[in-house]
Amino acid sequence: MNYVLYAVPFFFLLIGLELLADRWRGMRTYRLADALNSLSAGVLSQATGILTKVVGLLTYAFAWEQLALFELSESSLWVWLFAFVFYDFCYYWNHRLGHERNVLWAAHAVHHQSEDYNLSTALRQTSTGFIFGWIFYLPMALVGVPPLVFLSVAALNLLYQFWVHTRHIPKLGWFEWLFITPSNHRVHHAQNPVYIDRNYGGVFIVWDRIFGTFQEELDAEPVIFGVTVPLASWNPLWANLQVYAGLWSDARRASSWWDKLRIWFMPTGWRPADVAARYPQAKADLSQFRKFEVPLARAAQLYALLQFICYLLAGVWLLAQGDALSTGAVLLACLWIALGLCSIGIWLENCRHAWQLECLRLASNLPAFWLAGELGILTLNVTAWMWLIAYSLVSLLGIWWARGSAAPALTPPI
């Protein structure tokens, strides 16, 4: 069962309730561009996950079939409870090393790049975590946890983490001592020195208390959300590639071949000495911290929101149909979604040529949908083509309306 698919309506219902709480309490925990960037990263993660999840599934299934030390029954409640706790223990170490090693941080950083903290942040997930993430869960296969149980507790662990991404819930008394809560997870998303790299658990905070990584949220130290090297972009593809690109750049500039290799596996932030000397990176002064923001006319924001909704619906449809589609079909769908979400991100960045890129995106829908028909993804008839043409014309009208609505919309960012 795909728990995430069935949870999608509840995710957006709760986001809607949080928006109402924002208005009622006079808080401002949402900005449209930041929320769309987070949700775009989530859509991209789920879409690409249809292709990449096979890496973890195959390795886990092979280890379970060939190397399991015990035969654990998937019909036993105790096996499920054991697996649920054991998964969170493995998750703790996956998560912790995801902050402590360069190449693992490159995958995980996308989840921390939002400078707001709300329920949309929970859906801001990586598209590259599959590369190394599977390694941390092999101990579960070795002790004999069946794949069905593993997949189920993994999904439940992920779903639990959704509700803790909010600023509206205060500390919860005794609950704080055992479980991850909004308060101690706010600490985890902070870039304040006192909070950074703390509270790694997914469901249970006890691992952090045992292994010395727990930090309480302090009234005297308000949380500043985000990362120390800001993303400064609304492009979800760049969000996934930014840290990799920085590591690649440093590796290419390093004079030592040993440094070129080991930079990927060194502690997060480590750089070759010669590269750091020639290309210093100053850390931001948190006392002068300003959230990344790009002025954008209200009409242009509305256009971006409506376009994103189309890609969100496409992503949900792909999640529901993905297992029945060929690899080529899913690859085409992922590429179409990725390029569309990138175009929306560039639009939100107010770039000079964003409207031209949008026109190109709309034009590319015609061959993309024809190819989707050839691959059996869609059934294309006259009615379908009429809907596509109508959508394209309405979108072009929206571009014209947004461009002419107000300055400085669609001007080059400074």
# chains A, B, ... in the order shown; residues from 1 in each chain; ligands from 1
$ residues_around --residues "Phe289 (chain A)" --least-positions-apart "2" --cutoff "12 Å" --atoms "only C-alpha atoms" --output "list of chain:residue names"
A:Glu115, A:Gln191, A:Asn192, A:Val223, A:Ile224, A:Phe225, A:Gly226, A:Val227, A:Thr228, A:Val229, A:Pro230, A:Lys283, A:Ala284, A:Asp285, A:Leu286, A:Ser287, A:Lys291, A:Phe292
$ write_last_selection --atoms "C-alpha atoms" --output "PDB file, in the first residue's frame"
ATOM      1  CA  GLU A 115      13.886  29.756   5.599  1.00  0.00           C
ATOM      2  CA  GLN A 191      21.039  27.460  11.752  1.00  0.00           C
ATOM      3  CA  ASN A 192      21.828  29.062  15.130  1.00  0.00           C
ATOM      4  CA  VAL A 223      15.201  29.781  16.035  1.00  0.00           C
ATOM      5  CA  ILE A 224      16.497  31.098  12.700  1.00  0.00           C
ATOM      6  CA  PHE A 225      15.520  28.576  10.054  1.00  0.00           C
ATOM      7  CA  GLY A 226      17.552  27.640   6.980  1.00  0.00           C
ATOM      8  CA  VAL A 227      21.116  26.656   6.138  1.00  0.00           C
ATOM      9  CA  THR A 228      24.385  28.513   6.637  1.00  0.00           C
ATOM     10  CA  VAL A 229      25.001  28.596   2.870  1.00  0.00           C
ATOM     11  CA  PRO A 230      21.649  29.907   1.592  1.00  0.00           C
ATOM     12  CA  LYS A 283      29.641  32.570   6.788  1.00  0.00           C
ATOM     13  CA  ALA A 284      26.576  34.757   7.036  1.00  0.00           C
ATOM     14  CA  ASP A 285      26.159  36.942  10.105  1.00  0.00           C
ATOM     15  CA  LEU A 286      22.922  35.754  11.713  1.00  0.00           C
ATOM     16  CA  SER A 287      22.471  39.107  13.425  1.00  0.00           C
ATOM     17  CA  LYS A 291      15.214  35.773   4.242  1.00  0.00           C
ATOM     18  CA  PHE A 292      15.640  35.304   0.497  1.00  0.00           C
TER      19      PHE A 292
END
$ closest_atom_pairs --of "region 90-161 of chain A" --to "region 44-55 of chain A" --cutoff "12 Å" --atoms "only C-alpha atoms" --output "tab-separated table"
residue	atom	partner	partner_atom	distance
A:Ala107	CA	A:Ser45	CA	11.3
A:His108	CA	A:Ser45	CA	11.8
A:Val110	CA	A:Ser45	CA	10.5
A:His111	CA	A:Ser45	CA	10.9
A:Leu123	CA	A:Ser45	CA	9.1
A:Arg124	CA	A:Ser45	CA	8.3
A:Gln125	CA	A:Ser45	CA	6.0
A:Thr126	CA	A:Ser45	CA	5.7
A:Ser127	CA	A:Ser45	CA	4.4
A:Thr128	CA	A:Ser45	CA	8.1
A:Gly129	CA	A:Ser45	CA	9.4
A:Phe130	CA	A:Thr52	CA	6.5
A:Ile131	CA	A:Val55	CA	8.0
A:Phe132	CA	A:Val55	CA	9.6
A:Gly133	CA	A:Val55	CA	9.7
A:Trp134	CA	A:Val55	CA	7.6
A:Ile135	CA	A:Val55	CA	10.3
A:Leu151	CA	A:Lys53	CA	10.8
$ closest_residue --among "A:Ala154, A:Val4, A:Leu341, A:Ala61" --to "Leu305 (chain A)" --atoms "only C-alpha atoms"
A:Leu341
$ residues_around --residues "Trp93 (chain A)" --least-positions-apart "3" --cutoff "9 Å" --atoms "only C-alpha atoms" --output "PyMOL selection string"
chain A and resi 88-90+96-98+136+200-201
$ closest_residue --among "A:Leu247, A:Leu357, A:Ala68, A:Val79" --to "Phe150 (chain A)" --atoms "only C-alpha atoms"
A:Val79
$ atom_distance --atom1 "CA of Ser392 (chain A)" --atom2 "CA of Leu306 (chain A)"
12.7 Å
$ closest_residue --among "A:Phe211, A:Leu81, A:Leu142, A:Ala338" --to "Glu65 (chain A)" --atoms "only C-alpha atoms"
A:Leu142
$ residues_around --residues "Arg186 (chain A)" --least-positions-apart "3" --cutoff "12 Å" --atoms "only C-alpha atoms" --output "VMD selection string"
chain A and resid 112 115 to 119 121 to 122 161 163 to 171 180 to 183 189 to 192 195 to 200 215 to 218 221 to 226
$ decode --residues "region 16-53 of chain A" --atoms "C-alpha atoms" --output "mmCIF file, in the first residue's frame"
data_model
loop_
_atom_site.group_PDB
_atom_site.id
_atom_site.type_symbol
_atom_site.label_atom_id
_atom_site.label_comp_id
_atom_site.auth_asym_id
_atom_site.auth_seq_id
_atom_site.Cartn_x
_atom_site.Cartn_y
_atom_site.Cartn_z
ATOM 1 C CA GLY A 16 -5.013 24.730 4.844
ATOM 2 C CA LEU A 17 -5.789 24.598 8.578
ATOM 3 C CA GLU A 18 -2.318 25.917 9.369
ATOM 4 C CA LEU A 19 -2.898 28.830 6.995
ATOM 5 C CA LEU A 20 -6.138 29.590 8.866
ATOM 6 C CA ALA A 21 -4.247 29.414 12.174
ATOM 7 C CA ASP A 22 -1.694 31.841 10.719
ATOM 8 C CA ARG A 23 -4.438 34.368 9.987
ATOM 9 C CA TRP A 24 -6.215 33.823 13.295
ATOM 10 C CA ARG A 25 -3.043 34.191 15.387
ATOM 11 C CA GLY A 26 -1.521 36.988 13.314
ATOM 12 C CA MET A 27 1.551 34.926 12.402
ATOM 13 C CA ARG A 28 3.282 34.787 9.031
ATOM 14 C CA THR A 29 4.785 31.351 8.684
ATOM 15 C CA TYR A 30 4.077 31.037 4.940
ATOM 16 C CA ARG A 31 5.427 32.844 1.895
ATOM 17 C CA LEU A 32 4.064 31.703 -1.445
ATOM 18 C CA ALA A 33 7.380 31.307 -3.276
ATOM 19 C CA ASP A 34 9.037 29.469 -0.395
ATOM 20 C CA ALA A 35 6.060 27.130 0.055
ATOM 21 C CA LEU A 36 5.868 26.392 -3.675
ATOM 22 C CA ASN A 37 9.604 25.688 -3.709
ATOM 23 C CA SER A 38 9.178 23.207 -0.841
ATOM 24 C CA LEU A 39 6.163 21.538 -2.444
ATOM 25 C CA SER A 40 7.923 21.408 -5.828
ATOM 26 C CA ALA A 41 10.863 19.604 -4.231
ATOM 27 C CA GLY A 42 8.363 17.162 -2.724
ATOM 28 C CA VAL A 43 6.608 16.503 -6.035
ATOM 29 C CA LEU A 44 9.965 16.003 -7.736
ATOM 30 C CA SER A 45 11.099 13.637 -4.972
ATOM 31 C CA GLN A 46 7.998 11.481 -5.202
ATOM 32 C CA ALA A 47 8.092 11.381 -9.006
ATOM 33 C CA THR A 48 11.752 10.390 -9.243
ATOM 34 C CA GLY A 49 11.257 7.996 -6.337
ATOM 35 C CA ILE A 50 9.173 5.769 -8.595
ATOM 36 C CA LEU A 51 12.378 5.106 -10.542
ATOM 37 C CA THR A 52 14.962 5.211 -7.758
ATOM 38 C CA LYS A 53 13.176 3.226 -5.046
#
